[in-house]
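**Student:** Coordinates in coords03.txt, compact mmCIF, C-alpha atoms, are listed below.
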```
# COMPACT_ATOMS: atom_id res chain seq x y z
CA MET A 425 104.71 105.19 89.77
CA LYS A 426 103.62 101.58 89.40
CA THR A 427 100.48 99.57 88.97
CA GLU A 428 98.20 98.44 91.75
CA TYR A 429 97.81 94.94 90.35
CA ARG A 430 99.25 92.98 93.25
CA SER A 431 100.82 89.69 92.30
CA GLN A 432 102.28 87.31 94.88
CA LYS A 433 105.65 88.93 94.30
CA THR A 434 104.22 92.35 95.19
CA GLU A 435 102.75 91.03 98.42
CA GLU A 436 106.09 89.47 99.32
CA VAL A 437 107.87 92.77 98.79
CA CYS A 438 105.37 94.50 101.06
CA SER A 439 105.67 91.79 103.72
CA ARG A 440 109.44 92.25 103.90
CA GLN A 441 109.02 95.56 105.62
CA TYR A 442 108.35 93.73 108.88
CA THR A 443 110.93 92.36 111.28
CA VAL A 444 110.64 88.70 112.20
CA GLY A 445 112.53 86.13 114.19
CA SER A 446 113.70 86.53 117.74
CA LYS A 447 113.26 90.29 117.50
CA GLN A 448 109.87 90.22 115.80
CA LYS A 449 107.77 93.36 116.04
CA ARG A 450 104.07 93.50 115.50
CA ALA A 451 103.11 96.23 113.14
CA GLY A 452 101.29 98.89 115.07
CA LYS A 453 99.65 102.15 114.12
CA GLY A 454 101.56 103.73 111.29
CA GLN A 455 103.41 100.52 110.43
CA PHE A 456 100.59 98.70 108.67
CA PHE A 457 101.41 99.96 105.18
CA THR A 458 104.78 101.05 103.99
CA ALA A 459 105.57 103.75 101.51
CA TYR A 460 106.85 101.16 99.09
CA CYS A 461 103.52 99.36 98.97
CA LEU A 462 101.73 102.64 98.51
CA LEU A 463 103.91 103.34 95.51
CA LEU A 464 102.76 100.08 93.95
CA THR A 465 99.13 101.21 94.18
CA ALA A 466 99.62 104.73 93.00
CA TYR A 467 99.86 104.21 89.28
CA SER A 468 96.55 102.41 88.93
CA ILE A 469 94.87 105.02 91.09
CA LEU A 470 95.98 107.50 88.49
CA HIS A 471 95.03 105.15 85.63
CA THR A 472 91.67 103.70 86.58
CA ALA A 473 90.46 103.30 83.01
CA SER A 474 91.76 103.51 79.50
CA PRO A 475 90.23 106.00 77.03
CA ALA A 476 88.75 103.14 75.01
CA ASP A 477 86.85 101.86 78.04
CA ALA A 478 85.02 105.16 78.40
CA GLN A 479 82.88 104.31 75.35
CA VAL A 480 81.76 100.95 76.74
CA ILE A 481 78.36 100.70 78.42
CA ASP A 482 79.09 99.64 81.99
CA LYS A 483 78.08 96.24 83.26
CA ILE A 484 78.16 94.51 86.63
CA ALA A 485 81.13 92.15 86.84
CA ALA A 486 80.39 90.75 90.31
CA ARG A 487 78.23 91.14 93.39
CA VAL A 488 79.85 90.77 96.81
CA ASN A 489 77.23 90.70 99.53
CA GLY A 490 75.55 94.08 99.07
CA ASP A 491 78.29 95.62 96.94
CA ILE A 492 78.79 95.54 93.19
CA ILE A 493 81.96 95.61 91.12
CA LEU A 494 81.61 97.25 87.72
CA MET A 495 83.25 96.02 84.54
CA SER A 496 84.84 99.44 84.05
CA GLU A 497 86.62 99.02 87.41
CA VAL A 498 87.98 95.63 86.34
CA LYS A 499 89.18 96.96 82.99
CA GLY A 500 90.71 100.01 84.65
CA LYS A 501 92.76 97.93 87.06
CA SER A 502 93.74 95.50 84.31
CA PHE A 503 94.86 98.25 81.94
CA MET A 504 98.46 98.73 83.12
CA VAL A 505 99.03 94.98 83.49
CA LEU A 506 97.94 94.40 79.92
CA LEU A 507 99.95 97.37 78.71
CA ASP A 508 103.07 95.86 80.27
CA MET A 509 102.29 92.46 78.75
CA ARG A 510 101.81 94.02 75.31
CA SER A 511 105.20 95.69 75.58
CA ARG A 512 106.76 92.25 75.99
CA ASP A 513 104.43 90.18 73.80
CA LYS A 514 102.93 91.82 70.72
CA ASP A 515 100.84 88.70 70.03
CA LEU A 516 98.69 89.06 73.15
CA LYS A 517 95.61 86.86 72.66
CA ASP A 518 92.03 87.46 73.77
CA ASP A 519 92.43 84.53 76.17
CA ASP A 520 95.37 86.30 77.81
CA ILE A 521 93.32 89.46 78.30
CA TYR A 522 90.42 87.47 79.72
CA ARG A 523 92.73 85.61 82.12
CA VAL A 524 94.26 88.83 83.44
CA GLU A 525 90.86 90.46 83.89
CA LYS A 526 89.56 87.38 85.74
CA GLU A 527 92.58 87.44 88.05
CA VAL A 528 92.08 91.14 88.70
CA LEU A 529 88.37 90.60 89.35
CA ASN A 530 89.19 87.84 91.82
CA GLU A 531 91.53 90.19 93.69
CA MET A 532 88.87 92.90 93.66
CA VAL A 533 86.36 90.48 95.21
CA GLU A 534 88.84 89.67 97.95
CA GLU A 535 89.54 93.36 98.48
CA ARG A 536 85.82 94.10 98.75
CA LEU A 537 85.45 91.37 101.37
CA MET A 538 88.29 92.91 103.37
CA LEU A 539 86.73 96.37 103.19
CA GLN A 540 83.46 94.93 104.42
CA PHE A 541 85.31 93.15 107.23
CA ALA A 542 86.97 96.43 108.19
CA LYS A 543 83.61 98.18 108.36
CA ASP A 544 82.07 95.40 110.47
CA ASN A 545 85.04 95.43 112.86
CA ASN A 546 85.46 99.20 113.07
CA ILE A 547 88.91 99.17 111.44
CA LYS A 548 89.42 102.72 110.22
CA VAL A 549 92.07 104.80 108.51
CA SER A 550 92.55 108.35 109.70
CA ASP A 551 92.98 111.42 107.54
CA ASP A 552 96.52 111.69 108.92
CA ASP A 553 97.28 108.17 107.62
CA VAL A 554 96.13 109.14 104.13
CA LYS A 555 98.04 112.40 104.27
CA ALA A 556 101.22 110.55 105.29
CA ALA A 557 100.71 108.10 102.41
CA ILE A 558 100.42 110.92 99.89
CA GLU A 559 103.54 112.58 101.27
CA ASP A 560 105.43 109.29 100.92
CA ILE A 561 104.32 108.91 97.29
CA LYS A 562 105.27 112.49 96.50
CA LYS A 563 108.68 112.03 98.11
CA GLN A 564 109.50 108.76 96.34
CA ASN A 565 108.44 110.15 92.95
CA ASN A 566 109.89 113.64 93.46
CA PHE A 567 106.41 115.14 93.07
CA THR A 568 105.25 118.50 94.31
CA ASP A 569 101.57 119.09 95.14
CA GLU A 570 101.18 120.71 91.75
CA MET A 571 102.82 117.81 89.90
CA LEU A 572 100.59 115.26 91.63
CA GLU A 573 97.44 117.24 90.87
CA LYS A 574 98.56 117.60 87.26
CA GLU A 575 98.84 113.81 86.94
CA LEU A 576 95.41 113.41 88.50
CA ASN A 577 93.89 116.00 86.20
CA LYS A 578 95.25 114.12 83.17
CA GLU A 579 93.06 111.20 84.19
CA ASN A 580 90.07 113.30 85.30
CA ILE A 581 90.52 112.16 88.89
CA THR A 582 89.89 114.52 91.76
CA LEU A 583 92.23 114.70 94.72
CA ASN A 584 89.39 113.57 96.99
CA ASP A 585 88.78 110.46 94.84
CA TYR A 586 92.50 109.76 94.96
CA LYS A 587 92.53 110.04 98.74
CA GLU A 588 89.58 107.71 99.10
CA ARG A 589 91.22 105.07 96.91
CA LEU A 590 94.34 105.30 99.02
CA ARG A 591 92.22 105.00 102.13
CA GLU A 592 90.79 101.74 100.80
CA GLN A 593 94.25 100.35 100.06
CA ILE A 594 95.51 101.24 103.52
CA THR A 595 92.38 99.73 105.05
CA VAL A 596 93.01 96.45 103.23
CA SER A 597 96.56 96.38 104.54
CA LYS A 598 95.33 97.03 108.08
CA VAL A 599 92.89 94.15 107.77
CA ILE A 600 95.66 91.81 106.61
CA ASN A 601 97.80 92.98 109.49
CA TYR A 602 94.92 92.55 111.95
CA GLU A 603 93.95 89.08 110.81
CA VAL A 604 97.21 87.65 109.45
CA ARG A 605 100.53 89.46 109.90
CA SER A 606 100.13 89.99 113.63
CA LYS A 607 99.74 86.22 114.08
CA VAL A 608 102.86 85.21 112.17
CA GLN A 609 106.06 84.41 113.99
CA VAL A 610 109.34 82.98 112.78
CA ASP A 611 111.80 81.57 115.30
CA GLU A 612 115.40 80.38 115.07
CA LYS A 613 114.34 76.73 114.74
CA ASP A 614 112.28 77.59 111.66
CA VAL A 615 115.27 79.37 110.12
CA LYS A 616 117.69 76.52 110.86
CA LYS A 617 115.26 73.92 109.48
CA TYR A 618 114.77 75.92 106.27
CA TYR A 619 118.52 76.36 105.86
CA ASP A 620 119.16 72.62 106.22
CA GLU A 621 116.38 71.71 103.79
CA HIS A 622 117.36 74.29 101.15
CA ARG A 623 121.11 74.26 101.59
CA ASP A 624 121.84 74.13 97.85
CA GLU A 625 120.07 77.47 97.39
CA PHE A 626 122.77 79.14 99.48
CA ALA A 627 125.75 77.73 97.62
CA THR A 628 128.27 80.00 95.94
CA PRO A 629 129.52 78.55 92.61
CA GLU A 630 133.13 77.96 91.68
CA GLU A 631 134.88 81.08 90.40
CA ILE A 632 138.14 81.51 88.53
CA ARG A 633 140.31 84.55 87.90
CA VAL A 634 141.84 84.91 84.46
CA ARG A 635 144.04 87.35 82.57
CA HIS A 636 143.87 87.55 78.81
CA ILE A 637 145.44 89.30 75.86
CA MET A 638 143.05 90.04 73.03
CA PHE A 639 143.87 90.84 69.43
CA ALA A 640 140.73 92.31 67.89
CA TYR A 641 139.35 90.67 64.76
CA SER A 642 136.00 90.83 62.96
CA GLU A 643 134.42 88.56 60.36
CA ASP A 644 134.41 91.27 57.70
CA MET A 645 138.24 91.36 57.59
CA ASP A 646 139.93 89.61 54.68
CA SER A 647 141.96 86.44 55.21
CA GLN A 648 145.26 88.26 54.80
CA LYS A 649 144.42 90.66 57.62
CA GLU A 650 143.31 87.73 59.77
CA GLU A 651 146.63 85.96 59.25
CA ILE A 652 148.56 89.09 60.27
CA ILE A 653 146.57 89.37 63.52
CA LYS A 654 146.89 85.64 64.19
CA LYS A 655 150.67 85.76 63.66
CA LYS A 656 150.93 88.67 66.12
CA ALA A 657 149.05 86.61 68.71
CA PHE A 658 151.40 83.63 68.27
CA ASP A 659 154.46 85.91 68.48
CA ILE A 660 153.24 87.20 71.86
CA LEU A 661 152.49 83.66 73.01
CA ASN A 662 156.10 82.66 72.22
CA ARG A 663 157.38 85.61 74.24
CA ILE A 664 155.27 84.46 77.20
CA LYS A 665 156.67 80.93 76.85
CA GLN A 666 160.18 82.41 76.89
CA GLY A 667 159.47 83.93 80.28
CA GLU A 668 158.19 87.46 79.64
CA ASP A 669 155.60 88.75 82.11
CA PHE A 670 152.03 88.08 80.98
CA ALA A 671 150.51 91.15 82.67
CA SER A 672 153.12 93.49 81.15
CA LEU A 673 152.53 92.11 77.67
CA ALA A 674 148.76 92.39 78.16
CA SER A 675 149.15 96.05 79.14
CA MET A 676 151.20 96.73 76.00
CA TYR A 677 149.45 94.65 73.35
CA SER A 678 145.89 93.69 74.43
CA GLU A 679 143.10 95.52 72.62
CA ASP A 680 140.58 94.82 75.36
CA ALA A 681 139.58 97.30 78.09
CA SER A 682 141.20 94.99 80.65
CA ALA A 683 144.63 95.91 79.23
CA LYS A 684 144.90 98.74 81.77
CA ASN A 685 144.73 96.08 84.51
CA GLY A 686 147.28 93.80 82.91
CA GLY A 687 144.53 91.83 81.19
CA ASP A 688 142.91 90.92 84.52
CA LEU A 689 139.24 89.97 84.07
CA GLY A 690 138.68 89.34 87.77
CA TYR A 691 136.68 86.37 89.08
CA PHE A 692 133.81 84.90 87.10
CA THR A 693 131.62 81.80 87.19
CA LYS A 694 130.54 79.46 84.45
CA GLY A 695 127.95 80.92 82.14
CA LYS A 696 129.39 84.44 82.19
CA MET A 697 131.68 84.19 79.17
CA ILE A 698 131.21 82.92 75.61
CA LYS A 699 131.55 79.14 75.46
CA VAL A 700 134.94 78.68 73.77
CA PHE A 701 136.51 81.25 76.09
CA GLU A 702 134.89 79.70 79.17
CA ASP A 703 135.74 76.13 78.24
CA THR A 704 139.39 77.05 77.66
CA ALA A 705 139.63 79.04 80.90
CA PHE A 706 138.12 76.36 83.16
CA ALA A 707 140.27 73.64 81.58
CA LEU A 708 143.51 75.39 82.59
CA LYS A 709 145.46 74.75 85.76
CA LYS A 710 146.67 77.47 88.09
CA GLY A 711 149.45 79.49 86.43
CA GLU A 712 148.95 77.78 83.06
CA VAL A 713 148.75 79.76 79.81
CA SER A 714 146.45 78.69 76.96
CA ASP A 715 147.19 78.37 73.27
CA VAL A 716 145.84 81.08 70.99
CA ILE A 717 142.05 80.70 70.70
CA LYS A 718 139.62 82.44 68.38
CA THR A 719 136.25 83.95 69.35
CA SER A 720 133.87 86.35 67.64
CA PHE A 721 135.82 89.18 69.28
CA GLY A 722 139.26 88.17 68.08
CA PHE A 723 142.23 86.03 69.07
CA HIS A 724 142.99 85.49 72.76
CA ILE A 725 145.69 84.18 75.03
CA LEU A 726 144.51 83.23 78.53
CA LYS A 727 146.36 82.81 81.81
CA TYR A 728 144.73 81.06 84.77
CA GLU A 729 145.46 83.06 87.94
CA ASP A 730 143.32 81.75 90.79
CA ARG A 731 140.28 79.73 91.80
CA ARG A 732 137.61 80.05 94.47
CA GLU A 733 136.00 76.72 95.21
CA SER A 734 132.23 76.42 95.50
CA ALA A 735 131.03 76.80 99.08
CA PHE A 736 127.92 77.30 101.19
CA LYS A 737 127.07 80.67 102.68
CA PRO A 738 127.07 80.41 106.49
CA LEU A 739 123.70 80.50 108.23
CA GLU A 740 124.41 83.82 109.93
CA ASP A 741 124.89 85.47 106.52
CA VAL A 742 121.54 84.34 105.15
CA SER A 743 119.34 84.14 108.26
CA ARG A 744 117.54 87.43 107.58
CA GLU A 745 116.78 86.38 104.01
CA ILE A 746 115.44 83.05 105.26
CA GLU A 747 113.31 84.83 107.87
CA ARG A 748 111.73 86.93 105.12
CA ARG A 749 111.08 83.88 102.96
CA ILE A 750 109.41 81.95 105.78
CA PHE A 751 107.46 85.02 106.87
CA ASN A 752 106.13 85.57 103.34
CA GLU A 753 105.19 81.90 102.98
CA LYS A 754 103.30 81.93 106.28
CA ILE A 755 101.60 85.21 105.40
CA LYS A 756 100.39 83.80 102.09
CA SER A 757 99.20 80.54 103.62
CA LEU A 758 97.29 82.22 106.44
CA LYS A 759 95.87 84.92 104.17
CA ASP A 760 94.66 82.36 101.62
CA ALA A 761 92.99 80.30 104.36
CA TRP A 762 91.36 83.37 105.91
CA VAL A 763 90.10 84.69 102.56
CA LYS A 764 88.72 81.23 101.72
CA LYS A 765 86.65 81.29 104.93
CA MET A 766 85.45 84.80 104.15
CA ARG A 767 84.37 83.74 100.66
CA GLU A 768 82.51 80.71 102.01
CA LYS A 769 80.46 82.93 104.33
CA ALA A 770 79.76 85.62 101.76
CA PHE A 771 77.25 85.90 98.93
CA ILE A 772 79.40 86.24 95.80
CA GLU A 773 78.01 86.26 92.27
CA ILE A 774 80.51 86.43 89.41
CA LEU A 775 78.87 87.73 86.23
CA TYR A 776 81.97 87.96 84.03
```
Rewrite the structure from the file as structure tokens, please.

**Tutor:**
Amino acid sequence: MKTEYRSQKTEEVCSRQYTVGSKQKRAGKGQFFTAYCLLLTAYSILHTASPADAQVIDKIAARVNGDIILMSEVKGKSFMVLLDMRSRDKDLKDDDIYRVEKEVLNEMVEERLMLQFAKDNNIKVSDDDVKAAIEDIKKQNNFTDEMLEKELNKENITLNDYKERLREQITVSKVINYEVRSKVQVDEKDVKKYYDEHRDEFATPEEIRVRHIMFAYSEDMDSQKEEIIKKKAFDILNRIKQGEDFASLASMYSEDASAKNGGDLGYFTKGKMIKVFEDTAFALKKGEVSDVIKTSFGFHILKYEDRRESAFKPLEDVSREIERRIFNEKIKSLKDAWVKKMREKAFIEILY
């Protein structure tokens, strides 16, 4: 299961569960929060604090109207984000930790405002909604009731606490749906305009199809062995020039896995092969055979088979992707504006 820390990317993934465009559906009861989004919250519900945090005397991180947010809550929700960052960057600085915790606190303030809004507007989540969410999480993680409770017990979290945290997350999603998602529409004109303005994003690059014959060589071989391998490569090249079939020779003599396919590497774009190999391949003309070239893998002979020119994907092939992009952009814009108004009306005191 994954962390609750919801970046913009996470919110975009969640938003994509909705249909937009000419067949747009407003999310109704039961549609407001998908199983996928619930999975993103589950891990932090299980990991609300690290063992080290348990020894810290709790402090108030923020006040939001009549509610308080404790420092232990902030550190608990930041824990998995920081753990992931440490796995990628061992030199994590104190400033990095502070930045993450401030971002998490900011999201917690916004979440608290949404929960207060839900209470004021009688937006509720039923027990059946929570039960369905738990069943979705269990299904996606192949958990039984016993396995889920075991994970909760490891973190000293009761099932009731777990359910209440889920209820809050679902409530937040219902608020966003109530105030934002239900007001977003994307029509065909929006899609066409986006396609025209971002046409380069939907281009397919040039591809070429090449066969090759490889004679394996490594740097630890002595010069005499290298000369023997090189001579073999030139002997095969001469046979190709005399008219022997390239694919047949590749099947017999190539020491690459592609030998079983007559040396066929299929289609590839620039940037997929090592530079000397790529430069040689793209410089050839259709049907042309290269000289013997040397790479870190060995000696090669290349034959240029075919080319697919760069082209643009037609609008009908990318319209759904564009709809999702526009929908997510509108969701973010409207949500940010709505949250800003909420913050302006609220009493918020940040103490961290």

**Student:** Please list, as a ChimeraX atom specification, the residues that have an atom at most 10 Å away from (100.2, 83.7, 104.1) in the coordinates of this file, counting all atoms listed in the file.

**Tutor:** /A:435-436,439,600,604-605,608,750-762

**Student:** With C-alpha atoms retained, write the just-selected residues as a CSV table (one decimal), in the frame of the given file.

**Tutor:**
```csv
chain,number,residue,atom,x,y,z
A,435,GLU,CA,102.8,91.0,98.4
A,436,GLU,CA,106.1,89.5,99.3
A,439,SER,CA,105.7,91.8,103.7
A,600,ILE,CA,95.7,91.8,106.6
A,604,VAL,CA,97.2,87.6,109.4
A,605,ARG,CA,100.5,89.5,109.9
A,608,VAL,CA,102.9,85.2,112.2
A,750,ILE,CA,109.4,82.0,105.8
A,751,PHE,CA,107.5,85.0,106.9
A,752,ASN,CA,106.1,85.6,103.3
A,753,GLU,CA,105.2,81.9,103.0
A,754,LYS,CA,103.3,81.9,106.3
A,755,ILE,CA,101.6,85.2,105.4
A,756,LYS,CA,100.4,83.8,102.1
A,757,SER,CA,99.2,80.5,103.6
A,758,LEU,CA,97.3,82.2,106.4
A,759,LYS,CA,95.9,84.9,104.2
A,760,ASP,CA,94.7,82.4,101.6
A,761,ALA,CA,93.0,80.3,104.4
A,762,TRP,CA,91.4,83.4,105.9
```

**Student:** Report, in Å with one decimal, the straight-line distance from atom CA of Lys543 of chain A to atom CA of Ala486 of chain A.

**Tutor:**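 For atom CA of Lys543 of chain A relative to atom CA of Ala486 of chain A, the distance reads 19.8 Å.
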
**Student:** May I have the residues at most 12 Å from (150.4, 95.1, 78.4) in the file's coordinates, counting all atoms listed in the file, as a ChimeraX atom specification?

**Tutor:** /A:635-639,660,664,668-688

**Student:** Since we have the selection now, will you write its residues out, keeping C-alpha atoms, as an mmCIF file, in the frame of the given file?

**Tutor:**
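Full text of selection32.cif as output:
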```cif
data_model
loop_
_atom_site.group_PDB
_atom_site.id
_atom_site.type_symbol
_atom_site.label_atom_id
_atom_site.label_comp_id
_atom_site.auth_asym_id
_atom_site.auth_seq_id
_atom_site.Cartn_x
_atom_site.Cartn_y
_atom_site.Cartn_z
ATOM 1 C CA ARG A 635 144.040 87.350 82.570
ATOM 2 C CA HIS A 636 143.870 87.550 78.810
ATOM 3 C CA ILE A 637 145.440 89.300 75.860
ATOM 4 C CA MET A 638 143.050 90.040 73.030
ATOM 5 C CA PHE A 639 143.870 90.840 69.430
ATOM 6 C CA ILE A 660 153.240 87.200 71.860
ATOM 7 C CA ILE A 664 155.270 84.460 77.200
ATOM 8 C CA GLU A 668 158.190 87.460 79.640
ATOM 9 C CA ASP A 669 155.600 88.750 82.110
ATOM 10 C CA PHE A 670 152.030 88.080 80.980
ATOM 11 C CA ALA A 671 150.510 91.150 82.670
ATOM 12 C CA SER A 672 153.120 93.490 81.150
ATOM 13 C CA LEU A 673 152.530 92.110 77.670
ATOM 14 C CA ALA A 674 148.760 92.390 78.160
ATOM 15 C CA SER A 675 149.150 96.050 79.140
ATOM 16 C CA MET A 676 151.200 96.730 76.000
ATOM 17 C CA TYR A 677 149.450 94.650 73.350
ATOM 18 C CA SER A 678 145.890 93.690 74.430
ATOM 19 C CA GLU A 679 143.100 95.520 72.620
ATOM 20 C CA ASP A 680 140.580 94.820 75.360
ATOM 21 C CA ALA A 681 139.580 97.300 78.090
ATOM 22 C CA SER A 682 141.200 94.990 80.650
ATOM 23 C CA ALA A 683 144.630 95.910 79.230
ATOM 24 C CA LYS A 684 144.900 98.740 81.770
ATOM 25 C CA ASN A 685 144.730 96.080 84.510
ATOM 26 C CA GLY A 686 147.280 93.800 82.910
ATOM 27 C CA GLY A 687 144.530 91.830 81.190
ATOM 28 C CA ASP A 688 142.910 90.920 84.520
#
```

**Student:** Please provide the set of residues having any atom within 9 Å of segment 506-510 of chain A, restricted to all atoms listed in the file, with same-chain residues fewer than 5 positions apart removed, written as a PyMOL selection string.

**Tutor:** chain A and resi 515-516+520-521+524

**Student:** Just checking: using only C-alpha atoms, which residue out of A:Ala707, A:Val505, A:Tyr522, A:His724 ends up closest to Lys655 of chain A?

**Tutor:**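 That would be A:His724, the residue with the smallest distance to Lys655 of chain A.
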
**Student:** Using all atoms listed in the file, tabulate the residues of segment 536-633 of chain A lying at most 9 Å from any atom of segment 487-493 of chain A, each with its closest atom pair and that distance in Å to one decimal, by chain and increasing residue number, as JSON lines.

**Tutor:**
```
{"residue": "A:Arg536", "atom": "CA", "partner": "A:Val488", "partner_atom": "CA", "distance": 7.1}
{"residue": "A:Leu537", "atom": "CA", "partner": "A:Val488", "partner_atom": "CA", "distance": 7.2}
{"residue": "A:Gln540", "atom": "CA", "partner": "A:Asn489", "partner_atom": "CA", "distance": 9.0}
```

**Student:** How many Å lie between atom CA of Lys517 of chain A and atom CA of Leu529 of chain A, rounded to one decimal?

**Tutor:** 18.6 Å

**Student:** Could you check how far atom CA of Lys499 of chain A sits from atom CA of Asn584 of chain A, in Å to one decimal?

**Tutor:** 21.7 Å

**Student:** Find, counting all atoms listed in the file, the residue in A:Ser597, A:Asn662, A:Thr693, A:Ser743 that gets nearest to Lys616 of chain A.

**Tutor:** A:Ser743

**Student:** As an MDAnalysis selection string, please: the residues near segment 572-576 of chain A (cut-off 8 Å, only C-alpha atoms, same-chain neighbours under 6 positions excluded).

**Tutor:** chainID A and resid 470 562 582:583 586

**Student:** Residues near Arg731 of chain A, anyone? I mean within 12 Å using all atoms listed in the file, not counting same-chain ones fewer than 5 positions away, as a PyMOL selection string.

**Tutor:** chain A and resi 629-634+690-693+705-711

**Student:** Return the single residue from A:Ala735, A:Val742, A:Ala556, A:Val528 that is closest to Tyr618 of chain A, with distances computed using only C-alpha atoms.

**Tutor:** A:Val742

**Student:** Could you complete segment 698-713 of chain A so that it carries N, CA and C atoms, and give it back as a PDB file, in the coordinates of the input?

**Tutor:**
```pdb
ATOM      1  N   ILE A 698     131.586  83.729  76.757  1.00  0.00           N
ATOM      2  CA  ILE A 698     131.210  82.920  75.610  1.00  0.00           C
ATOM      3  C   ILE A 698     131.855  81.543  75.741  1.00  0.00           C
ATOM      4  N   LYS A 699     131.230  80.537  75.148  1.00  0.00           N
ATOM      5  CA  LYS A 699     131.550  79.140  75.460  1.00  0.00           C
ATOM      6  C   LYS A 699     133.015  78.764  75.219  1.00  0.00           C
ATOM      7  N   VAL A 700     133.566  79.091  74.059  1.00  0.00           N
ATOM      8  CA  VAL A 700     134.940  78.680  73.770  1.00  0.00           C
ATOM      9  C   VAL A 700     135.913  79.315  74.742  1.00  0.00           C
ATOM     10  N   PHE A 701     135.654  80.560  75.123  1.00  0.00           N
ATOM     11  CA  PHE A 701     136.510  81.250  76.090  1.00  0.00           C
ATOM     12  C   PHE A 701     136.382  80.580  77.452  1.00  0.00           C
ATOM     13  N   GLU A 702     135.140  80.314  77.865  1.00  0.00           N
ATOM     14  CA  GLU A 702     134.890  79.700  79.170  1.00  0.00           C
ATOM     15  C   GLU A 702     135.480  78.298  79.255  1.00  0.00           C
ATOM     16  N   ASP A 703     135.234  77.500  78.229  1.00  0.00           N
ATOM     17  CA  ASP A 703     135.740  76.130  78.240  1.00  0.00           C
ATOM     18  C   ASP A 703     137.262  76.095  78.336  1.00  0.00           C
ATOM     19  N   THR A 704     137.925  76.980  77.618  1.00  0.00           N
ATOM     20  CA  THR A 704     139.390  77.050  77.660  1.00  0.00           C
ATOM     21  C   THR A 704     139.858  77.480  79.045  1.00  0.00           C
ATOM     22  N   ALA A 705     139.217  78.500  79.610  1.00  0.00           N
ATOM     23  CA  ALA A 705     139.630  79.040  80.900  1.00  0.00           C
ATOM     24  C   ALA A 705     139.502  78.002  82.012  1.00  0.00           C
ATOM     25  N   PHE A 706     138.352  77.314  82.073  1.00  0.00           N
ATOM     26  CA  PHE A 706     138.120  76.360  83.160  1.00  0.00           C
ATOM     27  C   PHE A 706     138.912  75.072  82.985  1.00  0.00           C
ATOM     28  N   ALA A 707     139.451  74.842  81.802  1.00  0.00           N
ATOM     29  CA  ALA A 707     140.270  73.640  81.580  1.00  0.00           C
ATOM     30  C   ALA A 707     141.721  73.842  81.995  1.00  0.00           C
ATOM     31  N   LEU A 708     142.117  75.090  82.213  1.00  0.00           N
ATOM     32  CA  LEU A 708     143.510  75.390  82.590  1.00  0.00           C
ATOM     33  C   LEU A 708     143.771  75.062  84.055  1.00  0.00           C
ATOM     34  N   LYS A 709     145.036  74.891  84.370  1.00  0.00           N
ATOM     35  CA  LYS A 709     145.460  74.750  85.760  1.00  0.00           C
ATOM     36  C   LYS A 709     146.060  76.059  86.231  1.00  0.00           C
ATOM     37  N   LYS A 710     146.183  76.200  87.535  1.00  0.00           N
ATOM     38  CA  LYS A 710     146.670  77.470  88.090  1.00  0.00           C
ATOM     39  C   LYS A 710     148.056  77.802  87.539  1.00  0.00           C
ATOM     40  N   GLY A 711     148.185  79.024  86.997  1.00  0.00           N
ATOM     41  CA  GLY A 711     149.450  79.490  86.430  1.00  0.00           C
ATOM     42  C   GLY A 711     149.664  79.115  84.991  1.00  0.00           C
ATOM     43  N   GLU A 712     148.787  78.266  84.432  1.00  0.00           N
ATOM     44  CA  GLU A 712     148.950  77.780  83.060  1.00  0.00           C
ATOM     45  C   GLU A 712     148.466  78.821  82.047  1.00  0.00           C
ATOM     46  N   VAL A 713     149.119  78.851  80.895  1.00  0.00           N
ATOM     47  CA  VAL A 713     148.750  79.760  79.810  1.00  0.00           C
ATOM     48  C   VAL A 713     148.170  78.943  78.661  1.00  0.00           C
TER      49      VAL A 713
END
```
